[in-house]
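Asks: Handing over query18.txt, compact mmCIF, C-alpha atoms.
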```txt
# COMPACT_ATOMS: atom_id res chain seq x y z
CA MET U 1 22.19 13.21 115.41
CA SER U 2 18.87 11.55 114.66
CA SER U 3 15.73 13.66 114.54
CA ALA U 4 14.15 11.64 117.37
CA ARG U 5 17.13 12.33 119.65
CA ARG U 6 17.11 16.01 118.72
CA MET U 7 13.40 16.16 119.51
CA SER U 8 13.86 14.48 122.90
CA LEU U 9 16.69 16.89 123.76
CA THR U 10 14.41 19.81 122.93
CA LEU U 11 11.50 18.41 124.91
CA MET U 12 13.58 17.50 127.99
CA PRO U 13 14.08 21.06 129.30
CA ILE U 14 10.39 21.83 128.72
CA VAL U 15 9.28 18.75 130.66
CA THR U 16 11.82 19.46 133.43
CA THR U 17 10.65 23.06 133.73
CA LEU U 18 7.03 21.95 133.86
CA CYS U 19 7.82 19.38 136.55
CA LEU U 20 9.78 21.80 138.73
CA SER U 21 7.43 24.73 138.36
CA ALA U 22 4.17 25.09 140.27
CA CYS U 23 0.83 26.40 139.12
CA THR U 24 -1.58 27.92 141.63
CA TYR U 25 -5.29 27.78 140.89
CA THR U 26 -8.09 29.54 142.74
CA ARG U 27 -10.91 27.22 143.75
CA ALA U 28 -13.22 29.45 145.79
CA VAL U 29 -13.49 32.99 147.13
CA SER U 30 -15.83 34.53 149.70
CA GLN U 31 -16.12 37.93 151.36
CA THR U 32 -18.15 38.99 154.40
CA ASN U 33 -19.28 42.45 155.51
CA VAL U 34 -16.42 44.92 155.82
CA PRO U 35 -16.34 46.99 159.06
CA ARG U 36 -15.70 50.69 159.29
CA GLU U 37 -12.67 50.14 161.53
CA ARG U 38 -9.90 48.57 159.46
CA GLY U 39 -6.89 49.44 161.53
CA ARG U 40 -5.85 45.92 162.55
CA PRO U 41 -5.77 43.45 159.66
CA VAL U 42 -5.34 39.79 160.57
CA GLU U 43 -4.42 36.92 158.28
CA VAL U 44 -4.29 33.17 158.84
CA THR U 45 -3.48 30.23 156.59
CA VAL U 46 -3.97 26.49 156.70
CA LYS U 47 -2.24 24.09 154.33
CA LYS U 48 -2.51 20.46 153.36
CA ASN U 49 -0.23 18.38 151.18
CA ILE U 50 -1.82 15.85 148.88
CA ILE U 51 0.10 13.19 146.96
CA LEU U 52 -1.29 11.77 143.71
CA GLY U 53 -4.64 13.39 144.41
CA PHE U 54 -5.48 11.14 147.35
CA ASN U 55 -7.29 13.15 150.01
CA PHE U 56 -9.53 11.68 152.67
CA ASP U 57 -10.64 14.71 154.67
CA ASN U 58 -10.68 18.50 154.62
CA ASP U 59 -10.56 18.97 158.38
CA GLU U 60 -7.64 21.38 158.19
CA VAL U 61 -10.02 24.22 157.29
CA LEU U 62 -11.64 23.89 160.73
CA GLN U 63 -8.42 25.32 162.20
CA LEU U 64 -9.11 28.65 160.49
CA THR U 65 -11.63 29.73 163.12
CA ARG U 66 -9.31 28.86 166.00
CA LYS U 67 -6.38 30.62 164.36
CA LEU U 68 -8.43 33.75 163.70
CA ARG U 69 -9.65 33.69 167.30
CA ASP U 70 -6.05 33.45 168.55
CA LYS U 71 -4.99 36.41 166.42
CA CYS U 72 -7.79 38.56 167.82
CA PRO U 73 -8.43 37.28 171.36
CA SER U 74 -10.22 40.32 172.77
CA GLY U 75 -12.22 41.40 169.75
CA SER U 76 -14.21 40.16 166.82
CA VAL U 77 -12.94 39.52 163.31
CA ARG U 78 -14.92 41.18 160.52
CA GLY U 79 -14.59 41.65 156.78
CA ILE U 80 -13.18 38.17 156.25
CA MET U 81 -12.08 37.20 152.78
CA THR U 82 -11.37 33.51 152.28
CA GLN U 83 -9.36 32.14 149.38
CA ASP U 84 -9.09 28.44 148.62
CA LEU U 85 -5.99 27.82 146.49
CA THR U 86 -4.42 24.70 145.05
CA THR U 87 -0.79 24.58 143.93
CA LEU U 88 0.30 21.69 141.71
CA TYR U 89 3.95 20.54 141.73
CA PHE U 90 5.92 17.94 139.73
CA GLY U 91 3.48 17.54 136.91
CA PHE U 92 0.41 17.35 139.18
CA PHE U 93 1.72 14.50 141.35
CA TYR U 94 2.04 16.66 144.44
CA TRP U 95 -0.61 19.17 145.45
CA GLU U 96 -0.64 21.79 148.14
CA ARG U 97 -4.04 23.00 149.22
CA LYS U 98 -3.98 26.35 150.96
CA THR U 99 -6.89 28.20 152.51
CA LEU U 100 -6.36 31.82 153.50
CA ALA U 101 -8.58 34.01 155.64
CA LYS U 102 -7.96 37.75 155.85
CA GLY U 103 -10.01 40.05 158.03
CA TYR U 104 -9.99 42.99 160.42
CA CYS U 105 -9.81 42.68 164.20
CA VAL U 106 -12.45 44.95 165.71
CA ASN U 107 -12.37 45.68 169.42
CA GLY U 108 -14.63 43.68 171.74
CA ARG U 109 -17.98 43.73 170.01
CA GLY U 110 -20.41 41.01 169.20
CA VAL U 111 -22.44 40.51 166.06
CA ALA U 112 -25.64 41.58 167.82
CA ASP U 113 -24.21 45.05 168.52
CA SER U 114 -24.54 47.78 165.95
CA THR U 115 -20.79 47.96 165.34
CA ASP U 116 -21.04 48.74 161.66
CA GLY U 117 -23.70 51.32 162.21
CA VAL U 118 -26.52 48.93 161.41
CA ALA U 119 -29.07 47.33 163.67
CA ARG U 120 -28.81 43.60 163.24
CA SER U 121 -31.08 40.65 163.58
CA VAL U 122 -29.90 37.49 165.23
CA ASP U 123 -31.58 34.12 164.71
CA GLY U 124 -34.30 35.69 162.67
CA VAL U 125 -35.45 37.96 165.50
CA ALA U 126 -34.63 41.63 165.21
CA SER U 127 -33.09 42.79 168.45
CA GLY U 128 -31.15 45.75 169.70
CA ALA U 129 -27.94 45.79 171.64
CA ASP U 130 -29.87 45.94 174.86
CA GLY U 131 -31.98 42.96 173.99
CA SER U 132 -35.10 44.90 173.02
CA LEU U 133 -37.34 43.12 170.58
CA GLU U 134 -38.27 46.17 168.53
CA PRO U 135 -35.20 47.98 167.24
CA GLU U 136 -35.58 51.41 165.79
CA ILE U 137 -33.09 52.72 163.27
CA SER U 138 -32.35 56.39 163.43
CA LEU U 139 -30.05 57.94 160.87
CA MET M 1 -22.34 17.48 99.93
CA LYS M 2 -19.17 16.61 101.82
CA GLN M 3 -17.80 20.10 101.30
CA GLN M 4 -21.00 21.60 102.71
CA LEU M 5 -20.66 19.44 105.80
CA TYR M 6 -17.05 20.57 106.27
CA ARG M 7 -18.12 24.20 105.93
CA SER M 8 -20.83 23.77 108.56
CA ALA M 9 -18.42 22.01 110.91
CA LEU M 10 -15.84 24.76 110.35
CA ALA M 11 -18.42 27.45 111.09
CA VAL M 12 -19.41 25.70 114.34
CA LEU M 13 -15.73 25.34 115.30
CA VAL M 14 -15.02 29.02 114.62
CA VAL M 15 -18.03 30.07 116.71
CA GLN M 16 -16.93 27.73 119.49
CA CYS M 17 -13.40 29.13 119.42
CA LEU M 18 -14.43 32.76 119.39
CA SER M 19 -17.19 32.57 121.98
CA GLY M 20 -16.54 32.50 125.72
CA CYS M 21 -18.35 30.09 128.00
CA MET M 22 -18.71 31.20 131.60
CA THR M 23 -18.60 28.89 134.59
CA VAL M 24 -19.36 29.99 138.14
CA ARG M 25 -16.82 28.56 140.60
CA SER M 26 -18.09 30.01 143.85
CA VAL M 27 -20.60 32.53 145.16
CA SER M 28 -21.19 33.93 148.64
CA ILE M 29 -23.41 36.61 150.10
CA SER M 30 -23.32 38.24 153.52
CA GLN M 31 -26.00 39.96 155.61
CA LEU M 32 -27.86 42.73 153.81
CA PRO M 33 -28.40 46.09 155.50
CA GLU M 34 -31.88 47.55 155.99
CA SER M 35 -33.41 49.05 152.85
CA PRO M 36 -32.75 52.75 153.74
CA LEU M 37 -29.05 51.90 153.92
CA ARG M 38 -28.86 50.37 150.43
CA GLN M 39 -28.30 53.62 148.56
CA SER M 40 -24.62 53.50 147.74
CA VAL M 41 -23.53 50.44 145.76
CA VAL M 42 -19.82 49.67 145.59
CA LYS M 43 -18.30 47.24 143.10
CA ALA M 44 -14.88 45.88 142.31
CA GLN M 45 -13.75 43.38 139.72
CA THR M 46 -10.39 41.93 138.73
CA SER M 47 -9.32 39.10 136.46
CA SER M 48 -6.32 36.93 135.66
CA PRO M 49 -5.72 34.66 132.65
CA ILE M 50 -4.75 30.99 132.57
CA VAL M 51 -3.11 30.13 129.25
CA ILE M 52 -2.90 26.41 128.31
CA GLY M 53 -3.45 25.54 131.97
CA ILE M 54 -0.70 27.84 133.24
CA PRO M 55 -1.94 30.51 135.67
CA PHE M 56 0.12 33.66 136.18
CA ASN M 57 -0.83 34.84 139.65
CA THR M 58 -3.41 34.85 142.41
CA ASP M 59 -2.82 38.48 143.33
CA TYR M 60 -5.98 39.50 141.53
CA LEU M 61 -7.96 38.39 144.58
CA ASP M 62 -6.09 40.78 146.87
CA GLU M 63 -6.34 43.52 144.27
CA ALA M 64 -10.13 43.08 144.12
CA ARG M 65 -10.40 43.29 147.89
CA ALA M 66 -8.15 46.36 148.14
CA ASP M 67 -10.10 48.11 145.39
CA PHE M 68 -13.42 47.15 146.99
CA VAL M 69 -12.45 48.42 150.44
CA SER M 70 -10.97 51.64 149.02
CA ARG M 71 -14.32 52.52 147.44
CA CYS M 72 -15.90 52.96 150.87
CA LYS M 73 -13.20 54.60 152.97
CA ASP M 74 -15.38 56.24 155.59
CA GLY M 75 -18.00 53.55 155.99
CA ALA M 76 -18.76 49.88 156.38
CA ILE M 77 -19.63 47.58 153.49
CA GLU M 78 -22.67 45.38 154.00
CA GLY M 79 -24.53 42.86 151.87
CA VAL M 80 -21.40 41.71 150.10
CA LEU M 81 -21.87 39.43 147.11
CA SER M 82 -18.69 37.72 146.01
CA LYS M 83 -18.57 35.80 142.75
CA HIS M 84 -15.69 33.83 141.32
CA GLU M 85 -16.10 32.67 137.73
CA ASP M 86 -14.12 31.34 134.78
CA VAL M 87 -14.54 32.44 131.18
CA ASN M 88 -13.28 29.84 128.69
CA TYR M 89 -12.04 31.02 125.30
CA PHE M 90 -10.75 28.97 122.38
CA ILE M 91 -12.23 25.70 123.69
CA GLY M 92 -10.57 26.11 127.08
CA LEU M 93 -7.08 26.99 125.83
CA VAL M 94 -7.39 30.38 127.48
CA VAL M 95 -9.34 30.74 130.71
CA VAL M 96 -9.91 34.12 132.34
CA GLN M 97 -10.56 33.90 136.08
CA LYS M 98 -12.75 36.73 137.28
CA VAL M 99 -13.63 37.80 140.80
CA SER M 100 -16.42 40.32 141.38
CA LEU M 101 -17.34 41.94 144.68
CA GLN M 102 -20.45 44.01 145.18
CA GLY M 103 -21.94 45.52 148.33
CA TYR M 104 -23.55 48.56 149.94
CA CYS M 105 -21.42 51.27 151.48
CA VAL M 106 -23.07 52.23 154.77
CA ARG M 107 -21.71 55.62 155.79
CA LYS M 108 -24.28 56.97 158.23
CA ILE M 109 -24.38 55.67 161.76
CA ALA M 110 -27.60 53.98 162.74
CA SER M 111 -28.37 53.52 166.39
CA VAL M 112 -30.58 51.00 168.05
CA SER M 113 -33.08 52.57 170.40
CA THR M 114 -33.61 51.28 173.89
CA LYS M 115 -37.31 50.60 173.57
CA LYS M 116 -38.29 47.88 175.89
CA LYS M 117 -41.75 46.50 175.55
CA ARG M 118 -42.32 43.73 177.95
CA LYS M 119 -45.62 42.14 178.67
CA VAL M 120 -46.29 41.70 182.35
```
I need this file expressed as structure tokens, please.
Replies:
Amino acid sequence: MSSARRMSLTLMPIVTTLCLSACTYTRAVSQTNVPRERGRPVEVTVKKNIILGFNFDNDEVLQLTRKLRDKCPSGSVRGIMTQDLTTLYFGFFYWERKTLAKGYCVNGRGVADSTDGVARSVDGVASGADGSLEPEISL
Amino acid sequence: MKQQLYRSALAVLVVQCLSGCMTVRSVSISQLPESPLRQSVVKAQTSSPIVIGIPFNTDYLDEARADFVSRCKDGAIEGVLSKHEDVNYFIGLVVVQKVSLQGYCVRKIASVSTKKKRKV
């Protein structure tokens, strides 16, 4: 057997394995404020398949908000961690882009309320839950 | 002269191979609590290597989150800074992905008073 043929026979399984396996890379991570109540975790995912790297929009990520809302219809979702992942298949010819959002469903409270034990400011104006313009924090 | 040049090039190459260059991939920060509530800082950090372009897992992200949340069991975490970065070793042959989370554990309950000051 010639050395070239022996070499190609050795390389073939390596190339095949590389083509059939998939590598997942992290592209971005973010984390928002974590609430005290963490009893009801929620998780949603959106995916997009890309062939040969051609991608013309990223609109699939807009579904994340709707999906999170559907998972927690009567409350608010806090402590959201988002992960943007890309998995490459068949020697990088086929990509799968996946965006995950994990959070906690907190019962019926808005951002303006002091749900996490902290008075909040909305739109740059400090305001209390009752709409007062001068909140006072008491510990 | 030529040998000296080779030596210099080799020294540069060795330094390049042994040093780690850091690249920030993404950063986010959430709302900060009021200053009296910024006493207790909580941090969590995990990492995962990529060797010759082959990553091993993405579980390190979940591990970081679980560790972060467990450090403030009886409170909320505010002012969260999340940072995702890559450290390149051996001219990019080995890349260590690192995720760091940092925030303030707010344990005490603050209440908003019902002061209403309206001008008539």
Asks: Applying 8 Å and all atoms listed in the file, which residues near Cys105 in chain U remain after dropping the ones on its own chain fewer than 4 positions away? List them as a list of chain:residue names.
Replies: U:Arg38, U:Gly39, U:Arg40, U:Pro41, U:Val42, U:Cys72, U:Gly75, U:Ser76, U:Val77, U:Arg78
Asks: For the contact check between chain M and chain U, emit one row per residue of chain M within 10 Å, containing the shortest atom pair and the distance in Å rounded to one decimal, counting all atoms listed in the file, chain then rising number order, as CSV.
Replies:
```
residue,atom,partner,partner_atom,distance
M:Val24,CA,U:Ala28,CA,9.8
M:Arg25,CA,U:Ala28,CA,6.4
M:Ser26,CA,U:Ala28,CA,5.3
M:Val27,CA,U:Ser30,CA,6.9
M:Ser28,CA,U:Ser30,CA,5.5
M:Ile29,CA,U:Thr32,CA,7.2
M:Ser30,CA,U:Thr32,CA,5.3
M:Gln31,CA,U:Asn33,CA,7.2
M:Leu32,CA,U:Asn33,CA,8.8
M:Pro33,CA,U:Val118,CA,6.8
M:Glu34,CA,U:Val118,CA,7.7
M:Pro36,CA,U:Leu139,CA,9.2
M:Leu37,CA,U:Val118,CA,8.4
M:Ile50,CA,U:Tyr25,CA,8.9
M:Gly53,CA,U:Cys23,CA,8.4
M:Ile54,CA,U:Cys23,CA,6.2
M:Pro55,CA,U:Cys23,CA,6.0
M:Phe56,CA,U:Cys23,CA,7.9
M:Asn57,CA,U:Thr24,CA,7.2
M:Thr58,CA,U:Thr26,CA,7.1
M:Leu61,CA,U:Gln83,CA,8.0
M:Asp62,CA,U:Met81,CA,9.1
M:Arg65,CA,U:Met81,CA,8.0
M:Phe68,CA,U:Val34,CA,9.6
M:Val69,CA,U:Val34,CA,7.5
M:Cys72,CA,U:Arg36,CA,8.7
M:Lys73,CA,U:Arg36,CA,7.8
M:Asp74,CA,U:Arg36,CA,6.7
M:Gly75,CA,U:Arg36,CA,4.9
M:Ala76,CA,U:Arg36,CA,4.3
M:Ile77,CA,U:Val34,CA,4.8
M:Glu78,CA,U:Asn33,CA,4.7
M:Gly79,CA,U:Asn33,CA,6.4
M:Val80,CA,U:Asn33,CA,5.9
M:Leu81,CA,U:Gln31,CA,7.3
M:Ser82,CA,U:Ser30,CA,5.7
M:Lys83,CA,U:Val29,CA,7.3
M:His84,CA,U:Val29,CA,6.3
M:Glu85,CA,U:Ala28,CA,9.1
M:Gln97,CA,U:Thr26,CA,8.3
M:Val99,CA,U:Val29,CA,8.0
M:Ser100,CA,U:Val29,CA,9.8
M:Leu101,CA,U:Gln31,CA,7.9
M:Gln102,CA,U:Gln31,CA,9.7
M:Gly103,CA,U:Asn33,CA,8.2
M:Tyr104,CA,U:Asn33,CA,9.3
M:Cys105,CA,U:Val34,CA,9.2
M:Val106,CA,U:Gly117,CA,7.5
M:Arg107,CA,U:Gly117,CA,8.0
M:Lys108,CA,U:Leu139,CA,6.4
M:Ile109,CA,U:Gly117,CA,4.4
M:Ala110,CA,U:Gly117,CA,4.8
M:Ser111,CA,U:Ile137,CA,5.7
M:Val112,CA,U:Glu136,CA,5.5
M:Ser113,CA,U:Glu136,CA,5.4
M:Thr114,CA,U:Asp130,CA,6.6
M:Lys115,CA,U:Ser132,CA,6.1
M:Lys116,CA,U:Ser132,CA,5.2
M:Lys117,CA,U:Ser132,CA,7.3
M:Arg118,CA,U:Ser132,CA,8.8
```
Asks: Work out how far CA of Thr16 in chain U is from CA of Ser3 in chain U, in Å to one decimal.
Replies: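 Between CA of Ser3 in chain U and CA of Thr16 in chain U the gap works out to 20.1 Å.
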Asks: Give as a PyMOL selection string the set of residues within 10 Å of the point (-2.7, 16.8, 150.2), where distances use the file's coordinates and all atoms listed in the file.
Replies: chain U and resi 47-58+86+94-98
Asks: Tell me which of M:Ala11, M:Ala44, M:Met1, M:Met22 sits closest to Ser70 in chain M, counting all atoms listed in the file.
Replies: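 Among M:Ala11, M:Ala44, M:Met1, M:Met22, it is M:Ala44 that comes nearest to Ser70 in chain M.
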Asks: Skip Thr45 in chain U itself and residues of its chain fewer than 6 positions away, then list as a PyMOL selection string all residues within 8 Å of it, counting all atoms listed in the file.
Replies: chain U and resi 64+98-101
Asks: Work out how far apart CA of Leu11 in chain U and CA of Leu93 in chain M are and give it in Å to one decimal.
Replies: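 That distance, rounded to one decimal, is 20.5 Å.
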Asks: Interatomic distance between CA of Val95 in chain M and CA of Val51 in chain M?
Replies: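 Between these atoms lies a distance of 6.4 Å.
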Asks: Hey, which of U:Val15, U:Val46, U:Ala4, U:Leu62 ends up closest to Asp84 in chain U? Count only C-alpha atoms.
Replies: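 Nearest to Asp84 in chain U: U:Val46.
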Asks: Find the residues near Asn88 in chain M: any atom within 6 Å, counting all atoms listed in the file, skip ones fewer than 2 places away on the same chain, and give them as a ChimeraX atom specification.
Replies: /M:20-21,92,95
